[in-house]
>>> print(open('protein33.cif').read())   # mmCIF, C-alpha atoms
data_entry
#
loop_
_atom_site.group_PDB
_atom_site.id
_atom_site.type_symbol
_atom_site.label_atom_id
_atom_site.label_comp_id
_atom_site.auth_asym_id
_atom_site.auth_seq_id
_atom_site.Cartn_x
_atom_site.Cartn_y
_atom_site.Cartn_z
ATOM 1 C CA MET A 1329 26.588 4.756 9.125
ATOM 2 C CA PRO A 1330 25.840 3.314 5.649
ATOM 3 C CA ARG A 1331 22.765 4.535 3.878
ATOM 4 C CA ARG A 1332 19.807 2.201 3.574
ATOM 5 C CA ALA A 1333 18.680 0.644 0.324
ATOM 6 C CA ARG A 1334 16.292 2.373 -2.027
ATOM 7 C CA ARG A 1335 13.407 0.136 -3.087
ATOM 8 C CA TYR A 1336 11.683 -0.068 -6.460
ATOM 9 C CA LEU A 1337 8.405 -1.909 -6.853
ATOM 10 C CA SER A 1338 6.950 -3.746 -9.822
ATOM 11 C CA SER A 1339 4.029 -5.999 -10.889
ATOM 12 C CA TRP A 1340 1.019 -3.902 -11.858
ATOM 13 C CA ARG A 1341 -2.628 -4.081 -10.911
ATOM 14 C CA LEU A 1342 -5.546 -2.676 -12.908
ATOM 15 C CA LEU A 1343 -8.582 -1.320 -11.108
ATOM 16 C CA VAL A 1344 -11.737 -3.039 -12.356
ATOM 17 C CA VAL A 1345 -15.393 -2.829 -11.497
ATOM 18 C CA ALA A 1346 -16.825 -5.202 -8.908
ATOM 19 C CA GLY A 1347 -17.592 -8.691 -10.166
ATOM 20 C CA SER A 1348 -15.779 -11.255 -12.259
ATOM 21 C CA THR A 1349 -12.408 -10.219 -13.672
ATOM 22 C CA THR A 1350 -13.405 -11.937 -16.923
ATOM 23 C CA GLY A 1351 -14.503 -9.220 -19.327
ATOM 24 C CA ALA A 1352 -14.420 -6.641 -16.559
ATOM 25 C CA THR A 1353 -14.327 -2.971 -17.433
ATOM 26 C CA VAL A 1354 -11.170 -1.092 -16.471
ATOM 27 C CA LEU A 1355 -11.867 2.015 -14.429
ATOM 28 C CA ALA A 1356 -10.484 5.104 -16.191
ATOM 29 C CA LEU A 1357 -9.149 8.267 -14.604
ATOM 30 C CA SER A 1358 -8.064 11.534 -16.189
ATOM 31 C CA GLY A 1359 -4.290 11.313 -16.082
ATOM 32 C CA LEU A 1360 -1.290 11.737 -18.351
ATOM 33 C CA GLY A 1361 -1.847 14.351 -21.016
ATOM 34 C CA GLY A 1362 -5.436 14.849 -19.851
ATOM 35 C CA THR A 1363 -6.527 11.607 -21.516
ATOM 36 C CA SER A 1364 -8.625 8.837 -20.019
ATOM 37 C CA THR A 1365 -6.133 6.388 -18.539
ATOM 38 C CA PRO A 1366 -6.400 3.122 -16.598
ATOM 39 C CA VAL A 1367 -4.501 3.105 -13.304
ATOM 40 C CA SER A 1368 -1.943 0.391 -12.577
ATOM 41 C CA LEU A 1369 -0.159 -0.159 -9.270
ATOM 42 C CA TYR A 1370 3.301 -1.753 -9.179
ATOM 43 C CA HIS A 1371 3.932 -3.800 -6.017
ATOM 44 C CA PRO A 1372 6.759 -6.395 -5.690
ATOM 45 C CA LEU A 1373 10.324 -5.121 -5.831
ATOM 46 C CA LEU A 1374 11.950 -4.563 -9.208
ATOM 47 C CA SER A 1375 15.443 -3.336 -8.280
ATOM 48 C CA ILE A 1376 17.444 -1.996 -5.331
ATOM 49 C CA HIS A 1377 19.750 1.019 -5.211
ATOM 50 C CA ALA A 1378 21.890 1.879 -2.178
ATOM 51 C CA GLN A 1379 21.323 5.600 -2.581
ATOM 52 C CA GLY A 1380 18.747 6.425 0.061
ATOM 53 C CA THR A 1381 18.974 9.734 1.893
ATOM 54 C CA SER A 1382 17.497 8.465 5.170
ATOM 55 C CA GLU A 1383 19.637 6.836 7.835
ATOM 56 C CA HIS A 1384 16.818 4.914 9.531
ATOM 57 C CA MET A 1385 14.581 3.611 6.746
ATOM 58 C CA SER A 1386 14.675 2.293 3.196
ATOM 59 C CA GLN A 1387 13.280 4.251 0.258
ATOM 60 C CA SER A 1388 10.786 3.346 -2.447
ATOM 61 C CA ASN A 1389 9.521 5.034 -5.575
ATOM 62 C CA ASN A 1390 5.889 4.233 -4.741
ATOM 63 C CA TRP A 1391 5.577 2.899 -1.165
ATOM 64 C CA SER A 1392 5.563 4.653 2.208
ATOM 65 C CA GLY A 1393 4.867 2.819 5.463
ATOM 66 C CA TYR A 1394 6.167 -0.316 7.179
ATOM 67 C CA ASN A 1395 7.362 -3.682 5.826
ATOM 68 C CA GLN A 1396 8.325 -6.827 7.745
ATOM 69 C CA GLY A 1397 10.128 -9.774 6.180
ATOM 70 C CA PHE A 1398 11.031 -13.405 6.811
ATOM 71 C CA LEU A 1399 14.772 -12.850 7.146
ATOM 72 C CA GLU A 1400 14.233 -10.096 9.707
ATOM 73 C CA LYS A 1401 11.515 -11.800 11.766
ATOM 74 C CA SER A 1402 12.444 -15.475 11.196
ATOM 75 C CA THR A 1403 8.797 -16.288 10.563
ATOM 76 C CA THR A 1404 6.351 -16.562 7.697
ATOM 77 C CA PHE A 1405 3.215 -14.416 7.586
ATOM 78 C CA HIS A 1406 -0.258 -15.972 7.446
ATOM 79 C CA SER A 1407 -2.420 -13.089 8.648
ATOM 80 C CA ILE A 1408 -2.288 -9.315 8.902
ATOM 81 C CA SER A 1409 -4.682 -6.644 10.122
ATOM 82 C CA ALA A 1410 -4.894 -2.948 10.944
ATOM 83 C CA GLN A 1411 -7.230 -0.022 11.018
ATOM 84 C CA TRP A 1412 -6.708 3.402 9.481
ATOM 85 C CA THR A 1413 -8.491 6.677 8.907
ATOM 86 C CA VAL A 1414 -9.196 7.348 5.230
ATOM 87 C CA PRO A 1415 -7.199 10.496 4.460
ATOM 88 C CA THR A 1416 -8.772 13.524 2.817
ATOM 89 C CA ALA A 1417 -7.343 14.082 -0.670
ATOM 90 C CA THR A 1418 -7.017 17.503 -2.290
ATOM 91 C CA GLN A 1419 -5.172 18.581 -5.402
ATOM 92 C CA HIS A 1420 -1.481 19.306 -4.921
ATOM 93 C CA THR A 1421 -0.859 20.838 -8.340
ATOM 94 C CA PRO A 1422 -3.684 22.632 -10.248
ATOM 95 C CA GLY A 1423 -4.813 20.816 -13.393
ATOM 96 C CA GLN A 1424 -3.060 17.560 -12.481
ATOM 97 C CA ALA A 1425 -4.649 14.156 -11.849
ATOM 98 C CA GLU A 1426 -3.257 12.650 -8.621
ATOM 99 C CA ASN A 1427 -3.705 9.206 -7.068
ATOM 100 C CA SER A 1428 -3.015 7.322 -3.840
ATOM 101 C CA ALA A 1429 -3.880 4.027 -2.156
ATOM 102 C CA THR A 1430 -3.798 2.916 1.484
ATOM 103 C CA TRP A 1431 -3.611 -0.818 2.171
ATOM 104 C CA ILE A 1432 -2.292 -3.847 4.055
ATOM 105 C CA GLY A 1433 -0.965 -7.025 2.477
ATOM 106 C CA VAL A 1434 1.000 -10.256 2.687
ATOM 107 C CA GLY A 1435 3.863 -10.632 0.200
ATOM 108 C CA GLY A 1436 5.406 -8.273 -2.323
ATOM 109 C CA GLY A 1437 7.929 -6.602 -0.031
ATOM 110 C CA CYS A 1438 11.447 -6.938 1.351
ATOM 111 C CA LEU A 1439 12.602 -9.992 3.275
ATOM 112 C CA ASP A 1440 14.975 -7.949 5.444
ATOM 113 C CA THR A 1441 15.304 -4.336 6.576
ATOM 114 C CA ALA A 1442 18.218 -3.733 4.199
ATOM 115 C CA CYS A 1443 16.017 -4.910 1.312
ATOM 116 C CA THR A 1444 18.587 -7.290 -0.141
ATOM 117 C CA LEU A 1445 15.900 -9.808 -1.171
ATOM 118 C CA SER A 1446 12.269 -9.358 -2.175
ATOM 119 C CA ASP A 1447 9.089 -11.331 -2.828
ATOM 120 C CA ASN A 1448 6.847 -11.438 -5.911
ATOM 121 C CA THR A 1449 3.513 -12.612 -4.462
ATOM 122 C CA LEU A 1450 0.970 -10.268 -2.922
ATOM 123 C CA ILE A 1451 -2.554 -10.463 -1.506
ATOM 124 C CA GLN A 1452 -3.850 -7.082 -0.350
ATOM 125 C CA ALA A 1453 -6.857 -4.862 0.320
ATOM 126 C CA GLY A 1454 -7.387 -1.203 1.053
ATOM 127 C CA THR A 1455 -8.794 2.155 0.052
ATOM 128 C CA GLU A 1456 -8.092 4.525 -2.832
ATOM 129 C CA GLN A 1457 -7.913 8.324 -2.555
ATOM 130 C CA ASP A 1458 -7.721 10.077 -5.931
ATOM 131 C CA VAL A 1459 -8.103 13.585 -7.356
ATOM 132 C CA ALA A 1460 -9.083 14.177 -11.000
ATOM 133 C CA ALA A 1461 -7.469 16.879 -13.120
ATOM 134 C CA ASP A 1462 -10.428 19.172 -12.394
ATOM 135 C CA GLY A 1463 -9.842 18.840 -8.646
ATOM 136 C CA THR A 1464 -12.699 16.419 -7.919
ATOM 137 C CA ALA A 1465 -11.781 13.876 -5.233
ATOM 138 C CA SER A 1466 -12.991 10.260 -5.278
ATOM 139 C CA TYR A 1467 -12.699 7.413 -2.789
ATOM 140 C CA SER A 1468 -13.136 3.649 -3.050
ATOM 141 C CA ALA A 1469 -12.268 0.271 -1.520
ATOM 142 C CA TRP A 1470 -10.644 -2.673 -3.309
ATOM 143 C CA TRP A 1471 -8.904 -6.032 -2.946
ATOM 144 C CA GLU A 1472 -6.334 -7.828 -5.098
ATOM 145 C CA ILE A 1473 -4.325 -10.997 -5.578
ATOM 146 C CA VAL A 1474 -1.282 -10.309 -7.772
ATOM 147 C CA PRO A 1475 -1.091 -10.768 -10.748
ATOM 148 C CA VAL A 1476 -4.896 -10.808 -11.217
ATOM 149 C CA PRO A 1477 -6.404 -7.324 -11.722
ATOM 150 C CA SER A 1478 -7.813 -5.780 -8.563
ATOM 151 C CA ILE A 1479 -11.527 -5.677 -7.824
ATOM 152 C CA SER A 1480 -13.266 -2.502 -6.657
ATOM 153 C CA ALA A 1481 -15.727 -3.132 -3.824
ATOM 154 C CA SER A 1482 -19.302 -1.884 -4.078
ATOM 155 C CA ILE A 1483 -19.194 -0.095 -0.717
ATOM 156 C CA SER A 1484 -18.914 3.675 -0.406
ATOM 157 C CA VAL A 1485 -15.840 5.188 1.247
ATOM 158 C CA HIS A 1486 -15.577 8.739 2.576
ATOM 159 C CA PRO A 1487 -12.673 10.842 3.856
ATOM 160 C CA GLY A 1488 -12.344 10.601 7.617
ATOM 161 C CA ASP A 1489 -13.995 7.165 7.804
ATOM 162 C CA LEU A 1490 -12.386 4.632 10.144
ATOM 163 C CA VAL A 1491 -11.621 1.444 8.192
ATOM 164 C CA THR A 1492 -10.587 -1.925 9.592
ATOM 165 C CA CYS A 1493 -9.038 -4.578 7.398
ATOM 166 C CA ALA A 1494 -7.892 -8.152 7.986
ATOM 167 C CA ILE A 1495 -6.375 -10.703 5.613
ATOM 168 C CA ALA A 1496 -5.908 -14.261 6.904
ATOM 169 C CA GLU A 1497 -5.156 -17.729 5.554
ATOM 170 C CA THR A 1498 -8.144 -19.724 6.843
ATOM 171 C CA LEU A 1499 -7.265 -22.997 5.074
ATOM 172 C CA PRO A 1500 -4.037 -23.970 3.290
ATOM 173 C CA GLU A 1501 -3.705 -21.481 0.399
ATOM 174 C CA VAL A 1502 -7.238 -20.150 1.001
ATOM 175 C CA TRP A 1503 -7.524 -16.571 2.265
ATOM 176 C CA THR A 1504 -10.339 -14.475 3.705
ATOM 177 C CA ILE A 1505 -10.247 -10.706 3.200
ATOM 178 C CA LYS A 1506 -12.469 -8.531 5.394
ATOM 179 C CA LEU A 1507 -12.738 -4.754 5.104
ATOM 180 C CA SER A 1508 -15.211 -2.800 7.229
ATOM 181 C CA ASP A 1509 -16.054 0.889 7.269
ATOM 182 C CA VAL A 1510 -16.662 1.297 10.988
ATOM 183 C CA THR A 1511 -17.990 4.823 10.542
ATOM 184 C CA ASP A 1512 -21.028 3.893 8.424
ATOM 185 C CA GLY A 1513 -21.294 0.124 8.930
ATOM 186 C CA GLN A 1514 -20.515 -0.928 5.362
ATOM 187 C CA GLY A 1515 -18.022 -3.622 4.463
ATOM 188 C CA PHE A 1516 -17.232 -6.708 2.426
ATOM 189 C CA THR A 1517 -15.799 -10.195 2.890
ATOM 190 C CA GLN A 1518 -14.052 -12.138 0.135
ATOM 191 C CA THR A 1519 -12.600 -15.656 0.269
ATOM 192 C CA VAL A 1520 -10.095 -16.582 -2.441
ATOM 193 C CA PRO A 1521 -7.483 -19.287 -3.138
ATOM 194 C CA TYR A 1522 -3.954 -17.905 -3.381
ATOM 195 C CA PRO A 1523 -0.503 -19.607 -3.270
ATOM 196 C CA SER A 1524 1.430 -17.012 -1.287
ATOM 197 C CA THR A 1525 5.067 -17.408 -0.330
ATOM 198 C CA TYR A 1526 4.189 -15.893 3.110
ATOM 199 C CA LEU A 1527 7.502 -14.015 3.170
ATOM 200 C CA THR A 1528 6.534 -10.382 3.901
ATOM 201 C CA ALA A 1529 3.822 -8.258 5.516
ATOM 202 C CA GLU A 1530 3.180 -4.545 5.045
ATOM 203 C CA TRP A 1531 1.094 -1.465 5.928
ATOM 204 C CA ILE A 1532 1.385 1.021 3.070
ATOM 205 C CA LEU A 1533 0.457 4.411 1.615
ATOM 206 C CA GLU A 1534 1.160 4.205 -2.126
ATOM 207 C CA THR A 1535 1.226 6.144 -5.385
ATOM 208 C CA PRO A 1536 0.107 4.029 -8.368
ATOM 209 C CA VAL A 1537 1.824 3.769 -11.726
ATOM 210 C CA VAL A 1538 -0.364 5.321 -14.447
ATOM 211 C CA LEU A 1539 -0.534 3.556 -17.815
ATOM 212 C CA ASN A 1540 -2.179 5.579 -20.595
ATOM 213 C CA THR A 1541 -3.888 4.341 -23.746
ATOM 214 C CA SER A 1542 -0.746 4.757 -25.856
ATOM 215 C CA GLY A 1543 1.217 2.453 -23.553
ATOM 216 C CA ALA A 1544 3.265 5.176 -21.878
ATOM 217 C CA SER A 1545 3.512 4.918 -18.115
ATOM 218 C CA GLY A 1546 4.684 6.899 -15.134
ATOM 219 C CA ILE A 1547 4.244 7.033 -11.391
ATOM 220 C CA ALA A 1548 1.131 9.000 -10.478
ATOM 221 C CA ALA A 1549 1.453 12.334 -8.749
ATOM 222 C CA LEU A 1550 0.661 12.246 -5.046
ATOM 223 C CA PRO A 1551 -2.282 14.394 -3.907
ATOM 224 C CA ASN A 1552 -2.273 16.387 -0.715
ATOM 225 C CA LEU A 1553 -3.433 14.011 2.019
ATOM 226 C CA THR A 1554 -4.255 14.527 5.651
ATOM 227 C CA PRO A 1555 -1.964 12.319 7.780
ATOM 228 C CA THR A 1556 -2.878 8.654 7.437
ATOM 229 C CA HIS A 1557 -3.117 7.079 10.891
ATOM 230 C CA PHE A 1558 -2.548 3.302 11.059
ATOM 231 C CA SER A 1559 -3.337 1.589 14.374
ATOM 232 C CA LEU A 1560 -3.936 -1.841 15.964
ATOM 233 C CA ALA A 1561 -1.565 -3.486 13.469
ATOM 234 C CA THR A 1562 -1.132 -7.244 13.888
ATOM 235 C CA VAL A 1563 0.641 -10.124 12.167
ATOM 236 C CA ASN A 1564 -0.094 -13.806 12.804
ATOM 237 C CA GLY A 1565 -2.634 -12.809 15.460
ATOM 238 C CA HIS A 1566 -0.204 -10.798 17.582
ATOM 239 C CA SER A 1567 0.709 -7.137 17.860
ATOM 240 C CA ALA A 1568 2.945 -6.160 14.938
ATOM 241 C CA GLY A 1569 5.863 -4.955 17.079
ATOM 242 C CA LEU A 1570 6.869 -2.353 14.513
ATOM 243 C CA ASN A 1571 10.534 -1.366 14.354
ATOM 244 C CA PRO A 1572 11.693 2.038 12.968
ATOM 245 C CA ALA A 1573 14.164 0.171 10.725
ATOM 246 C CA GLU A 1574 11.173 -1.388 8.926
ATOM 247 C CA GLY A 1575 10.031 2.028 7.690
ATOM 248 C CA LEU A 1576 9.788 2.931 3.997
ATOM 249 C CA GLN A 1577 9.955 6.493 2.706
ATOM 250 C CA LEU A 1578 8.349 7.379 -0.631
ATOM 251 C CA VAL A 1579 10.719 9.413 -2.824
ATOM 252 C CA ASP A 1580 10.666 10.820 -6.354
ATOM 253 C CA SER A 1581 13.174 10.012 -9.098
ATOM 254 C CA SER A 1582 15.647 12.528 -7.686
ATOM 255 C CA GLY A 1583 15.437 11.067 -4.167
ATOM 256 C CA SER A 1584 13.366 13.891 -2.680
ATOM 257 C CA ALA A 1585 10.851 12.773 -0.066
ATOM 258 C CA LEU A 1586 7.187 12.618 -1.104
ATOM 259 C CA ALA A 1587 5.757 10.764 1.905
ATOM 260 C CA THR A 1588 7.308 9.734 5.207
ATOM 261 C CA PRO A 1589 6.099 7.379 7.953
ATOM 262 C CA SER A 1590 6.521 8.320 11.590
ATOM 263 C CA ALA A 1591 8.215 6.248 14.243
ATOM 264 C CA PRO A 1592 5.889 3.617 15.740
ATOM 265 C CA ASN A 1593 3.521 4.535 18.561
ATOM 266 C CA PRO A 1594 4.438 3.446 22.134
ATOM 267 C CA ALA A 1595 2.631 0.123 21.632
ATOM 268 C CA ALA A 1596 4.582 -0.488 18.394
ATOM 269 C CA ASN A 1597 1.340 -1.299 16.572
ATOM 270 C CA GLY A 1598 0.654 1.978 14.773
ATOM 271 C CA PHE A 1599 2.158 4.978 13.021
ATOM 272 C CA ASN A 1600 1.271 8.061 11.022
ATOM 273 C CA ASP A 1601 2.150 8.580 7.376
ATOM 274 C CA CYS A 1602 2.517 12.142 6.080
ATOM 275 C CA ALA A 1603 2.272 13.097 2.400
ATOM 276 C CA HIS A 1604 4.588 15.759 0.957
ATOM 277 C CA ALA A 1605 6.667 15.718 4.125
ATOM 278 C CA THR A 1606 10.209 14.841 5.121
ATOM 279 C CA SER A 1607 9.181 13.951 8.671
ATOM 280 C CA CYS A 1608 6.032 12.852 10.473
ATOM 281 C CA ALA A 1609 5.079 13.002 14.151
ATOM 282 C CA ALA A 1610 4.426 9.667 15.826
ATOM 283 C CA PRO A 1611 1.095 8.876 17.486
ATOM 284 C CA THR A 1612 1.138 9.223 21.262
ATOM 285 C CA SER A 1613 -0.959 6.083 21.765
#
>>> encode(input="protein33.cif", output="structure tokens")
Amino acid sequence: MPRRARRYLSSWRLLVVAGSTTGATVLALSGLGGTSTPVSLYHPLLSIHAQGTSEHMSQSNNWSGYNQGFLEKSTTFHSISAQWTVPTATQHTPGQAENSATWIGVGGGCLDTACTLSDNTLIQAGTEQDVAADGTASYSAWWEIVPVPSISASISVHPGDLVTCAIAETLPEVWTIKLSDVTDGQGFTQTVPYPSTYLTAEWILETPVVLNTSGASGIAALPNLTPTHFSLATVNGHSAGLNPAEGLQLVDSSGSALATPSAPNPAANGFNDCAHATSCAAPTS
């Protein structure tokens, strides 16, 4: 059986404080070389290499999860939703800043399971789970329309919270993003214009690309995370019908696994994603 394609993602996002992106302050995290560094996340595909080590899923250098595309599903995507449990982040390597994001989105992924074509638009929202170099963990919620810098929401997010998120086109090229923290009742709603291509949909655990003040960049280290449990996934108002071939495994530059999604649950609308693991047990419901 031929090996599946390895996926590389591009198009960065900068985390900014809540409010207008005009003149917004970039959030800084202790990162490369111990300096204060803005965090950028690269999303749409940059290049493809047929050198994956997994027989049943594609590989990415910063995505782990599930991706559906137009060529596979013969449909465009105008809404997506899911819920997940915010994973607990702890330091994997002492003295190292480590970063992760959990999100859903429309656009930015592969159009087919072999990842022969990709998309460069992306509207998304999710949570961030980071660990500073001193071991302090931090959590937040955010939304983004690529290529505009992402906006951090004013709500508080805690490890173990149950989060629901939905992104839907409510009028032509007008989208409503809703994220709710079911555990403590907080949430936000944002309506924005965005000209999506509607070609992909995804449920993702990600490592960001870190850009430091000197212009050097590199993919952030992944913290230890408790398994991320996605459930009740939908697209276009219907159950997602996840297929194991739609899985994406996060790998490092040498092809070693950093995070791996499980097979779908029996309802094909959920999965687990395990950090620093080569396999991940599927949910039983």
>>> atom_distance(input="protein33.cif", atom1="CA of Ala1461 (chain A)", atom2="CA of Gly1423 (chain A)")
4.8 Å
>>> closest_residue(input="protein33.cif", among="A:Thr1519, A:Ser1582, A:Thr1556, A:Thr1562", to="Gly1393 (chain A)", atoms="only C-alpha atoms")
A:Thr1556
>>> closest_residue(input="protein33.cif", among="A:Met1385, A:Thr1455, A:Phe1558, A:His1604", to="Ala1429 (chain A)", atoms="only C-alpha atoms")
A:Thr1455
>>> closest_atom_pairs(input="protein33.cif", of="region 1505-1580 of chain A", to="region 1437-1449 of chain A", cutoff="8 Å", atoms="all atoms listed in the file", output="tab-separated table")
residue	atom	partner	partner_atom	distance
A:Ser1524	CA	A:Thr1449	CA	5.8
A:Thr1525	CA	A:Thr1449	CA	6.5
A:Leu1527	CA	A:Leu1439	CA	6.5
A:Thr1528	CA	A:Gly1437	CA	5.6
A:Ala1529	CA	A:Gly1437	CA	7.1
A:Glu1530	CA	A:Gly1437	CA	7.2
A:Ala1573	CA	A:Thr1441	CA	6.2
A:Glu1574	CA	A:Thr1441	CA	5.6
>>> atom_distance(input="protein33.cif", atom1="CA of Pro1500 (chain A)", atom2="CA of Gln1452 (chain A)")
17.3 Å
>>> resolve_selection(input="protein33.cif", expression="the PyMOL selection byres ((chain A and resi 1457) around 8)", output="PDB file with C-alpha atoms, keeping the file's coordinate frame")
ATOM      1  CA  VAL A1414      -9.196   7.348   5.230  1.00  0.00           C
ATOM      2  CA  PRO A1415      -7.199  10.496   4.460  1.00  0.00           C
ATOM      3  CA  THR A1416      -8.772  13.524   2.817  1.00  0.00           C
ATOM      4  CA  ALA A1417      -7.343  14.082  -0.670  1.00  0.00           C
ATOM      5  CA  ASN A1427      -3.705   9.206  -7.068  1.00  0.00           C
ATOM      6  CA  SER A1428      -3.015   7.322  -3.840  1.00  0.00           C
ATOM      7  CA  ALA A1429      -3.880   4.027  -2.156  1.00  0.00           C
ATOM      8  CA  THR A1430      -3.798   2.916   1.484  1.00  0.00           C
ATOM      9  CA  THR A1455      -8.794   2.155   0.052  1.00  0.00           C
ATOM     10  CA  GLU A1456      -8.092   4.525  -2.832  1.00  0.00           C
ATOM     11  CA  ASP A1458      -7.721  10.077  -5.931  1.00  0.00           C
ATOM     12  CA  VAL A1459      -8.103  13.585  -7.356  1.00  0.00           C
ATOM     13  CA  ALA A1465     -11.781  13.876  -5.233  1.00  0.00           C
ATOM     14  CA  SER A1466     -12.991  10.260  -5.278  1.00  0.00           C
ATOM     15  CA  TYR A1467     -12.699   7.413  -2.789  1.00  0.00           C
ATOM     16  CA  SER A1468     -13.136   3.649  -3.050  1.00  0.00           C
TER      17      SER A1468
END
>>> closest_atom_pairs(input="protein33.cif", of="region 1387-1438 of chain A", to="region 1507-1517 of chain A", cutoff="10 Å", atoms="only C-alpha atoms", output="CSV")
residue,atom,partner,partner_atom,distance
A:Ser1409,CA,A:Leu1507,CA,9.7
A:Ala1410,CA,A:Leu1507,CA,9.9
A:Gln1411,CA,A:Ser1508,CA,9.3
A:Trp1412,CA,A:Asp1509,CA,9.9
A:Thr1413,CA,A:Asp1509,CA,9.7
A:Val1414,CA,A:Asp1509,CA,9.6
>>> write_last_selection(input="protein33.cif", atoms="C-alpha atoms", output="tab-separated table (two decimals), keeping the file's coordinate frame")
chain	number	residue	atom	x	y	z
A	1409	SER	CA	-4.68	-6.64	10.12
A	1410	ALA	CA	-4.89	-2.95	10.94
A	1411	GLN	CA	-7.23	-0.02	11.02
A	1412	TRP	CA	-6.71	3.40	9.48
A	1413	THR	CA	-8.49	6.68	8.91
A	1414	VAL	CA	-9.20	7.35	5.23
>>> closest_residue(input="protein33.cif", among="A:Ser1559, A:Asn1593, A:Ser1484, A:Ser1407", to="Tyr1526 (chain A)", atoms="all atoms listed in the file")
A:Ser1407
>>> closest_residue(input="protein33.cif", among="A:Ile1479, A:Asn1564, A:Glu1534, A:Pro1592", to="His1406 (chain A)", atoms="only C-alpha atoms")
A:Asn1564
>>> resolve_selection(input="protein33.cif", expression="the PyMOL selection byres ((chain A and resi 1473) around 8)", output="list of chain:residue names")
A:Leu1450, A:Ile1451, A:Gln1452, A:Trp1471, A:Glu1472, A:Val1474, A:Pro1475, A:Val1476, A:Pro1477, A:Ser1478, A:Tyr1522
>>> atom_distance(input="protein33.cif", atom1="CA of Pro1589 (chain A)", atom2="CA of Leu1560 (chain A)")
15.8 Å
>>> closest_residue(input="protein33.cif", among="A:Pro1536, A:Gly1569, A:Gly1397, A:Pro1551", to="Cys1602 (chain A)", atoms="only C-alpha atoms")
A:Pro1551
>>> closest_residue(input="protein33.cif", among="A:Ala1496, A:Ala1587, A:Cys1608, A:Val1538", to="Val1520 (chain A)", atoms="only C-alpha atoms")
A:Ala1496
>>> residues_around(input="protein33.cif", residues="Ala1568 (chain A)", least_positions_apart="5", cutoff="7 Å", atoms="all atoms listed in the file", output="list of chain:residue names")
A:Ala1561, A:Thr1562, A:Val1563, A:Ala1596, A:Asn1597
>>> residues_around(input="protein33.cif", residues="Ala1603 (chain A)", least_positions_apart="3", cutoff="8 Å", atoms="all atoms listed in the file", output="ChimeraX atom specification")
/A:1550-1555,1586-1588
>>> write_last_selection(input="protein33.cif", atoms="C-alpha atoms", output="short mmCIF file (atom, residue, chain, number, x, y, z; two decimals), keeping the file's coordinate frame")
data_model
loop_
_atom_site.label_atom_id
_atom_site.label_comp_id
_atom_site.auth_asym_id
_atom_site.auth_seq_id
_atom_site.Cartn_x
_atom_site.Cartn_y
_atom_site.Cartn_z
CA LEU A 1550 0.66 12.25 -5.05
CA PRO A 1551 -2.28 14.39 -3.91
CA ASN A 1552 -2.27 16.39 -0.72
CA LEU A 1553 -3.43 14.01 2.02
CA THR A 1554 -4.26 14.53 5.65
CA PRO A 1555 -1.96 12.32 7.78
CA LEU A 1586 7.19 12.62 -1.10
CA ALA A 1587 5.76 10.76 1.90
CA THR A 1588 7.31 9.73 5.21
#
>>> residues_around(input="protein33.cif", residues="Ser1392 (chain A)", least_positions_apart="2", cutoff="6 Å", atoms="all atoms listed in the file", output="PyMOL selection string")
chain A and resi 1532-1533+1576-1578
>>> residues_near_point(input="protein33.cif", point="(2.9, 15.6, 19.1)", cutoff="12 Å", atoms="only C-alpha atoms", output="count of residues only")
10
>>> build_atoms(input="protein33.cif", residues="region 1395-1405 of chain A", atoms="N, CA and C atoms", output="mmCIF file, keeping the file's coordinate frame")
data_model
loop_
_atom_site.group_PDB
_atom_site.id
_atom_site.type_symbol
_atom_site.label_atom_id
_atom_site.label_comp_id
_atom_site.auth_asym_id
_atom_site.auth_seq_id
_atom_site.Cartn_x
_atom_site.Cartn_y
_atom_site.Cartn_z
ATOM 1 N N ASN A 1395 7.226 -2.386 6.461
ATOM 2 C CA ASN A 1395 7.362 -3.682 5.826
ATOM 3 C C ASN A 1395 8.147 -4.607 6.759
ATOM 4 N N GLN A 1396 7.605 -5.801 6.994
ATOM 5 C CA GLN A 1396 8.325 -6.827 7.745
ATOM 6 C C GLN A 1396 8.597 -8.016 6.839
ATOM 7 N N GLY A 1397 9.753 -8.671 7.048
ATOM 8 C CA GLY A 1397 10.128 -9.774 6.180
ATOM 9 C C GLY A 1397 10.629 -10.989 6.931
ATOM 10 N N PHE A 1398 10.659 -12.118 6.235
ATOM 11 C CA PHE A 1398 11.031 -13.405 6.811
ATOM 12 C C PHE A 1398 12.445 -13.401 7.384
ATOM 13 N N LEU A 1399 13.394 -12.822 6.669
ATOM 14 C CA LEU A 1399 14.772 -12.850 7.146
ATOM 15 C C LEU A 1399 14.956 -11.992 8.392
ATOM 16 N N GLU A 1400 14.156 -10.939 8.515
ATOM 17 C CA GLU A 1400 14.233 -10.096 9.707
ATOM 18 C C GLU A 1400 13.548 -10.751 10.892
ATOM 19 N N LYS A 1401 12.354 -11.299 10.678
ATOM 20 C CA LYS A 1401 11.515 -11.800 11.766
ATOM 21 C C LYS A 1401 11.646 -13.302 12.005
ATOM 22 N N SER A 1402 12.293 -14.015 11.095
ATOM 23 C CA SER A 1402 12.444 -15.475 11.196
ATOM 24 C C SER A 1402 11.090 -16.166 11.328
ATOM 25 N N THR A 1403 10.117 -15.676 10.580
ATOM 26 C CA THR A 1403 8.797 -16.288 10.563
ATOM 27 C C THR A 1403 8.128 -15.998 9.239
ATOM 28 N N THR A 1404 7.189 -16.846 8.857
ATOM 29 C CA THR A 1404 6.351 -16.562 7.697
ATOM 30 C C THR A 1404 5.085 -15.866 8.173
ATOM 31 N N PHE A 1405 4.362 -15.255 7.246
ATOM 32 C CA PHE A 1405 3.215 -14.416 7.586
ATOM 33 C C PHE A 1405 1.938 -15.011 6.988
#
